[in-house]
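A short write-up of the structure that comes next.
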Amino acid sequence: MPADLAVIGLGHLGLPLAQAATAAAIPTVGYDTDARTVAELRAGRVPPEGADGITAGLIRRMISAGFRATTEDAELGRVRTAVICAPTRLGEDRALDLGAVVSAARALAARLRPHTTVILESPVYPGTTEDLIRPLLESGSGLRAGQDFHLAYSPSRLDPGNRRHGLANTPKVIGGLTPACTEAAAAFYGRVCEKVVRARGPREAEAVKVLETNYRHVNIALANEMAVFCHDIGVDLWDVLRCAETKPFGFQAFRPGPGVGGHGVPIDPNYLSYKGRSLGYPLRMVELAQEVNGRMPRYVIQRCATLLNEHGKSARGARVLLLGVSYKADVGDQEGSPAREIASRLMEMGALLSYHDPYAAQWRVMGQPVPRADCLYEAAAAADLTVLLQHHRTYDLQGLAVKAQLLLDTRGASPTGAAHRL
């Protein structure tokens with residue numbers, strides 16, 4: 001069966017889109033250069049770089065509905081719509097690595113046909129669609145964007161673990177190179193989403209992603225600064241938050257934590273690496289938020305050492321149990337999770353680590369496997385210090401507080417007085 005849609009990149013962005021499209025009866029092909037990912041999907045299994053909410057059962061239903069996963073770029077020349085969902089991550093210089101996006105665009109360009117609608121969903125800098133992707137597609141295909149094929153950008157708004165808002169009921173922002181490009185993209189997304197929002201152009205749509213991602217990081221940074229400040233002056237931050245969020249206007253509650261993980265990395269457009277130039281000034285709020293949030297794993301280590309010391313124990317040789325190593329509650333994704341840095345620093349201090357996470361059967365830190373606690377309550381009772389890093393729904397914090405010798409709650413999820421809070 002010929003496909004209407006090609007999803008390029010079958011990771012945390014592409015798989016949910018492919019699943020939603022298949023469920024909407026859109027013949028879909030998934031393209032990925034990773035042969036292992038494609039092999040796992042063909043076998044009806046979740047690939048290593050899977051996506052939240054995508055189970056083996058869902059993949060088997062996708063296959064039954066006609067979904068195909070492939071490494072053959074020839075498939076890209078047989079579709080009416082192609083969506084690039086390649087991953088972008090921050091490099092060591094804090095600039096986005098657009099290498100996978102460039103590779104995806106080149107693979108598509110070699111097979112691009114007239115009248116195809118091409119949409120980029122990967123997190124990128126404003127201007128990437130027009131200044132980087134457009135030339136790649138045009139030079140590789142001999143076609144002109146806006147005339148021979150449609151080109152648009154639509155920021156992904158997936159929220160792993162969110163049971164209320166998914167792809168279908170979250171408004172989809174679309175910015176096309178021309179009004180016709182916007183309408184072509186809107187026609188596609190209208191088949192899988194309840195509402196589409198038209199931006200003025202691709203740069204505005206790209207900037208939406210920058211704003212939404214940085215909004216999260218800046219506000220979490222404020223909450224983290226307040227957590228340290230309130231602890232130092234003896235104020236219960238969690239009670240402050242409880243009261244503050246009753247204000248019906250002008251305030252949205254963000255919670256502090258041991259750090260900020262996830263795929264939505266803070267983006268500073270000062271580093272326009274694909275153009276080899278800089279604006280000459282950073283986004284100061286983004287820079288400061290990154291600095292504040294980046295300090296939180298060290299602050300957690302400091303609190304751990306202080307608590308152990310107050311109870312007559314040293315970090316060296318202390319048995320420490322870490323609860324929840326994913327970056328977000330009720331998901332298994334560990335992308336950017338602060339748990340790894342916290343574990344590394346504890347190991348360097350000589351602590352004897354173990355962990356528990358219902359979504360992680362195995363966990364390695366600094367190349368070494370960390371022992372997994374099979375019986376949670378027995379492990380908490382045996383540990384000198386238990387640290388809650390992620391509050392999964394399965395954790396009974398009242399019971400854990402009773403069993404644990406010492407409990408540090410970095411999420412403010414335990415009952416008042418039941419544990420030491422961040």
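Residue numbers start at 1 in each chain; chains themselves are named A, B, ... in the order of the structure tokens; ligands are numbered from 1 in the order shown.
Neighbouring residues of Asp396 in chain A at 9 Å or closer, counting only C-alpha atoms and skipping chain neighbours under 4 positions away, are A:Leu400, A:Ala401, A:Ser414.
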Export N, CA, C and O atoms of the chosen residues as a compact mmCIF listing (two decimals), in the first residue's frame?
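Dumped everything to again_35.txt:
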```
# COMPACT_ATOMS: atom_id res chain seq x y z
N LEU A 400 7.33 4.84 52.81
CA LEU A 400 8.77 4.95 52.69
C LEU A 400 9.37 5.79 53.81
O LEU A 400 10.44 5.47 54.33
N ALA A 401 8.66 6.85 54.18
CA ALA A 401 9.15 7.71 55.27
C ALA A 401 9.23 6.94 56.58
O ALA A 401 10.12 7.19 57.40
N SER A 414 6.44 14.20 49.70
CA SER A 414 6.14 13.49 50.93
C SER A 414 5.26 14.33 51.85
O SER A 414 5.24 15.56 51.77
```
**Request:** Assign secondary structure with DSSP using the backbone only, and return the residues of range 195-397 of chain A in alpha helix (DSSP H) as number ranges by chain.
**Result:** A: 202-233, 237-244, 284-310, 339-348, 376-382, 397
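Minimum atom-to-atom distance to Arg411 in chain A, evaluated using only C-alpha atoms, belongs to A:Phe254 out of A:Gly336, A:Phe254, A:Val7, A:Leu279.
Of the listed residues (A:Ala223, A:Ile301, A:Val265, A:Val102), A:Ala223 comes nearest to Leu241 in chain A; the distances count only C-alpha atoms.
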**Prompt:** Could you pull the residues within 8 Å of Gly77 in chain A, counting only C-alpha atoms, minus those fewer than 3 positions along the same chain, as a PyMOL selection string?
**Reply:** chain A and resi 73-74+108+111-113
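Shortest separation to Gly399 in chain A among A:Asp384, A:Asp357, A:Asp333, A:Glu378 occurs at residue A:Glu378, atoms counted being only C-alpha atoms.
Candidate residues A:Met347, A:Ile220, A:Ile8, A:Leu323 were compared for distance to Leu288 in chain A, and the nearest is A:Ile220, using only C-alpha atoms.
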**Request:** Could you check which of A:Val208, A:Val118, A:Ala168, A:Val240 is closest to Ala184 in chain A, using only C-alpha atoms?
**Result:** A:Val118
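Secondary structure by DSSP on the backbone puts the following residues of range 48-208 of chain A in strand (DSSP E): Arg68, Ala69, Thr70, Thr81, Ala82, Val83, Ile84, Arg89, Leu90, Leu96, Asp97, Thr117, Val118, Ile119, Leu120, His150, Leu151, Ala152, Tyr153, Lys172, Val173, Ile174, Gly175, Gly176, Val196, Val197 and Arg198 of chain A.
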Print the selection's residues with N, CA and C atoms to a file, as a PDB file, in the first residue's frame.
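What follows is the written file again.pdb:
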```
ATOM      1  N   ARG A  68       4.932   0.944   8.064  1.00  0.00           N
ATOM      2  CA  ARG A  68       6.177   0.275   7.713  1.00  0.00           C
ATOM      3  C   ARG A  68       7.352   1.114   8.193  1.00  0.00           C
ATOM      4  N   ALA A  69       8.330   0.455   8.776  1.00  0.00           N
ATOM      5  CA  ALA A  69       9.575   1.122   9.159  1.00  0.00           C
ATOM      6  C   ALA A  69      10.658   0.686   8.183  1.00  0.00           C
ATOM      7  N   THR A  70      11.491   1.636   7.764  1.00  0.00           N
ATOM      8  CA  THR A  70      12.485   1.319   6.748  1.00  0.00           C
ATOM      9  C   THR A  70      13.737   2.167   6.898  1.00  0.00           C
ATOM     10  N   THR A  81       3.343  13.852   2.013  1.00  0.00           N
ATOM     11  CA  THR A  81       3.789  14.672   3.139  1.00  0.00           C
ATOM     12  C   THR A  81       4.989  13.999   3.799  1.00  0.00           C
ATOM     13  N   ALA A  82       6.009  14.773   4.119  1.00  0.00           N
ATOM     14  CA  ALA A  82       7.183  14.269   4.833  1.00  0.00           C
ATOM     15  C   ALA A  82       7.447  15.172   6.030  1.00  0.00           C
ATOM     16  N   VAL A  83       7.558  14.571   7.206  1.00  0.00           N
ATOM     17  CA  VAL A  83       7.792  15.327   8.436  1.00  0.00           C
ATOM     18  C   VAL A  83       9.142  14.921   9.011  1.00  0.00           C
ATOM     19  N   ILE A  84      10.024  15.894   9.165  1.00  0.00           N
ATOM     20  CA  ILE A  84      11.365  15.634   9.711  1.00  0.00           C
ATOM     21  C   ILE A  84      11.320  15.758  11.231  1.00  0.00           C
ATOM     22  N   ARG A  89      20.353  17.925  19.866  1.00  0.00           N
ATOM     23  CA  ARG A  89      20.803  18.017  21.254  1.00  0.00           C
ATOM     24  C   ARG A  89      21.847  19.114  21.374  1.00  0.00           C
ATOM     25  N   LEU A  90      22.063  19.568  22.591  1.00  0.00           N
ATOM     26  CA  LEU A  90      23.098  20.569  22.820  1.00  0.00           C
ATOM     27  C   LEU A  90      24.475  19.928  22.779  1.00  0.00           C
ATOM     28  N   LEU A  96      23.007  23.934  19.507  1.00  0.00           N
ATOM     29  CA  LEU A  96      22.262  22.781  19.027  1.00  0.00           C
ATOM     30  C   LEU A  96      23.039  22.058  17.932  1.00  0.00           C
ATOM     31  N   ASP A  97      23.068  20.750  18.021  1.00  0.00           N
ATOM     32  CA  ASP A  97      23.682  19.934  16.991  1.00  0.00           C
ATOM     33  C   ASP A  97      22.607  19.606  15.950  1.00  0.00           C
ATOM     34  N   THR A 117       4.494  18.099   0.581  1.00  0.00           N
ATOM     35  CA  THR A 117       4.521  19.012   1.721  1.00  0.00           C
ATOM     36  C   THR A 117       5.594  18.540   2.693  1.00  0.00           C
ATOM     37  N   VAL A 118       6.579  19.382   2.935  1.00  0.00           N
ATOM     38  CA  VAL A 118       7.682  19.049   3.844  1.00  0.00           C
ATOM     39  C   VAL A 118       7.548  19.895   5.104  1.00  0.00           C
ATOM     40  N   ILE A 119       7.572  19.235   6.260  1.00  0.00           N
ATOM     41  CA  ILE A 119       7.410  19.922   7.545  1.00  0.00           C
ATOM     42  C   ILE A 119       8.563  19.526   8.461  1.00  0.00           C
ATOM     43  N   LEU A 120       9.165  20.504   9.099  1.00  0.00           N
ATOM     44  CA  LEU A 120      10.206  20.256  10.096  1.00  0.00           C
ATOM     45  C   LEU A 120       9.605  20.397  11.486  1.00  0.00           C
ATOM     46  N   HIS A 150       5.754  22.403  -0.907  1.00  0.00           N
ATOM     47  CA  HIS A 150       5.409  23.208   0.264  1.00  0.00           C
ATOM     48  C   HIS A 150       6.420  22.960   1.381  1.00  0.00           C
ATOM     49  N   LEU A 151       6.738  24.007   2.123  1.00  0.00           N
ATOM     50  CA  LEU A 151       7.701  23.898   3.227  1.00  0.00           C
ATOM     51  C   LEU A 151       7.178  24.659   4.437  1.00  0.00           C
ATOM     52  N   ALA A 152       7.214  24.009   5.614  1.00  0.00           N
ATOM     53  CA  ALA A 152       6.683  24.634   6.831  1.00  0.00           C
ATOM     54  C   ALA A 152       7.426  24.117   8.055  1.00  0.00           C
ATOM     55  N   TYR A 153       7.253  24.848   9.151  1.00  0.00           N
ATOM     56  CA  TYR A 153       7.787  24.408  10.447  1.00  0.00           C
ATOM     57  C   TYR A 153       6.632  24.304  11.436  1.00  0.00           C
ATOM     58  N   LYS A 172      -1.767  22.699  17.425  1.00  0.00           N
ATOM     59  CA  LYS A 172      -0.557  22.566  16.623  1.00  0.00           C
ATOM     60  C   LYS A 172      -0.252  23.882  15.928  1.00  0.00           C
ATOM     61  N   VAL A 173       0.905  24.457  16.234  1.00  0.00           N
ATOM     62  CA  VAL A 173       1.347  25.701  15.611  1.00  0.00           C
ATOM     63  C   VAL A 173       2.021  25.374  14.282  1.00  0.00           C
ATOM     64  N   ILE A 174       1.683  26.141  13.248  1.00  0.00           N
ATOM     65  CA  ILE A 174       2.215  25.899  11.910  1.00  0.00           C
ATOM     66  C   ILE A 174       2.629  27.224  11.286  1.00  0.00           C
ATOM     67  N   GLY A 175       3.833  27.252  10.738  1.00  0.00           N
ATOM     68  CA  GLY A 175       4.288  28.430  10.006  1.00  0.00           C
ATOM     69  C   GLY A 175       4.879  28.011   8.682  1.00  0.00           C
ATOM     70  N   GLY A 176       4.254  28.392   7.574  1.00  0.00           N
ATOM     71  CA  GLY A 176       4.712  27.995   6.260  1.00  0.00           C
ATOM     72  C   GLY A 176       5.515  29.081   5.569  1.00  0.00           C
ATOM     73  N   VAL A 196      -5.459  23.650  14.778  1.00  0.00           N
ATOM     74  CA  VAL A 196      -4.186  24.157  14.274  1.00  0.00           C
ATOM     75  C   VAL A 196      -4.164  25.676  14.448  1.00  0.00           C
ATOM     76  N   VAL A 197      -2.987  26.190  14.754  1.00  0.00           N
ATOM     77  CA  VAL A 197      -2.792  27.625  14.955  1.00  0.00           C
ATOM     78  C   VAL A 197      -1.780  28.093  13.915  1.00  0.00           C
ATOM     79  N   ARG A 198      -2.165  29.044  13.103  1.00  0.00           N
ATOM     80  CA  ARG A 198      -1.308  29.503  12.017  1.00  0.00           C
ATOM     81  C   ARG A 198      -0.415  30.652  12.476  1.00  0.00           C
TER      82      ARG A 198
END
```
**Item:** Counting only C-alpha atoms, the option among A:Arg80, A:Arg191, A:Arg345, A:Lys247 closest to Tyr299 in chain A
**Value:** A:Arg345
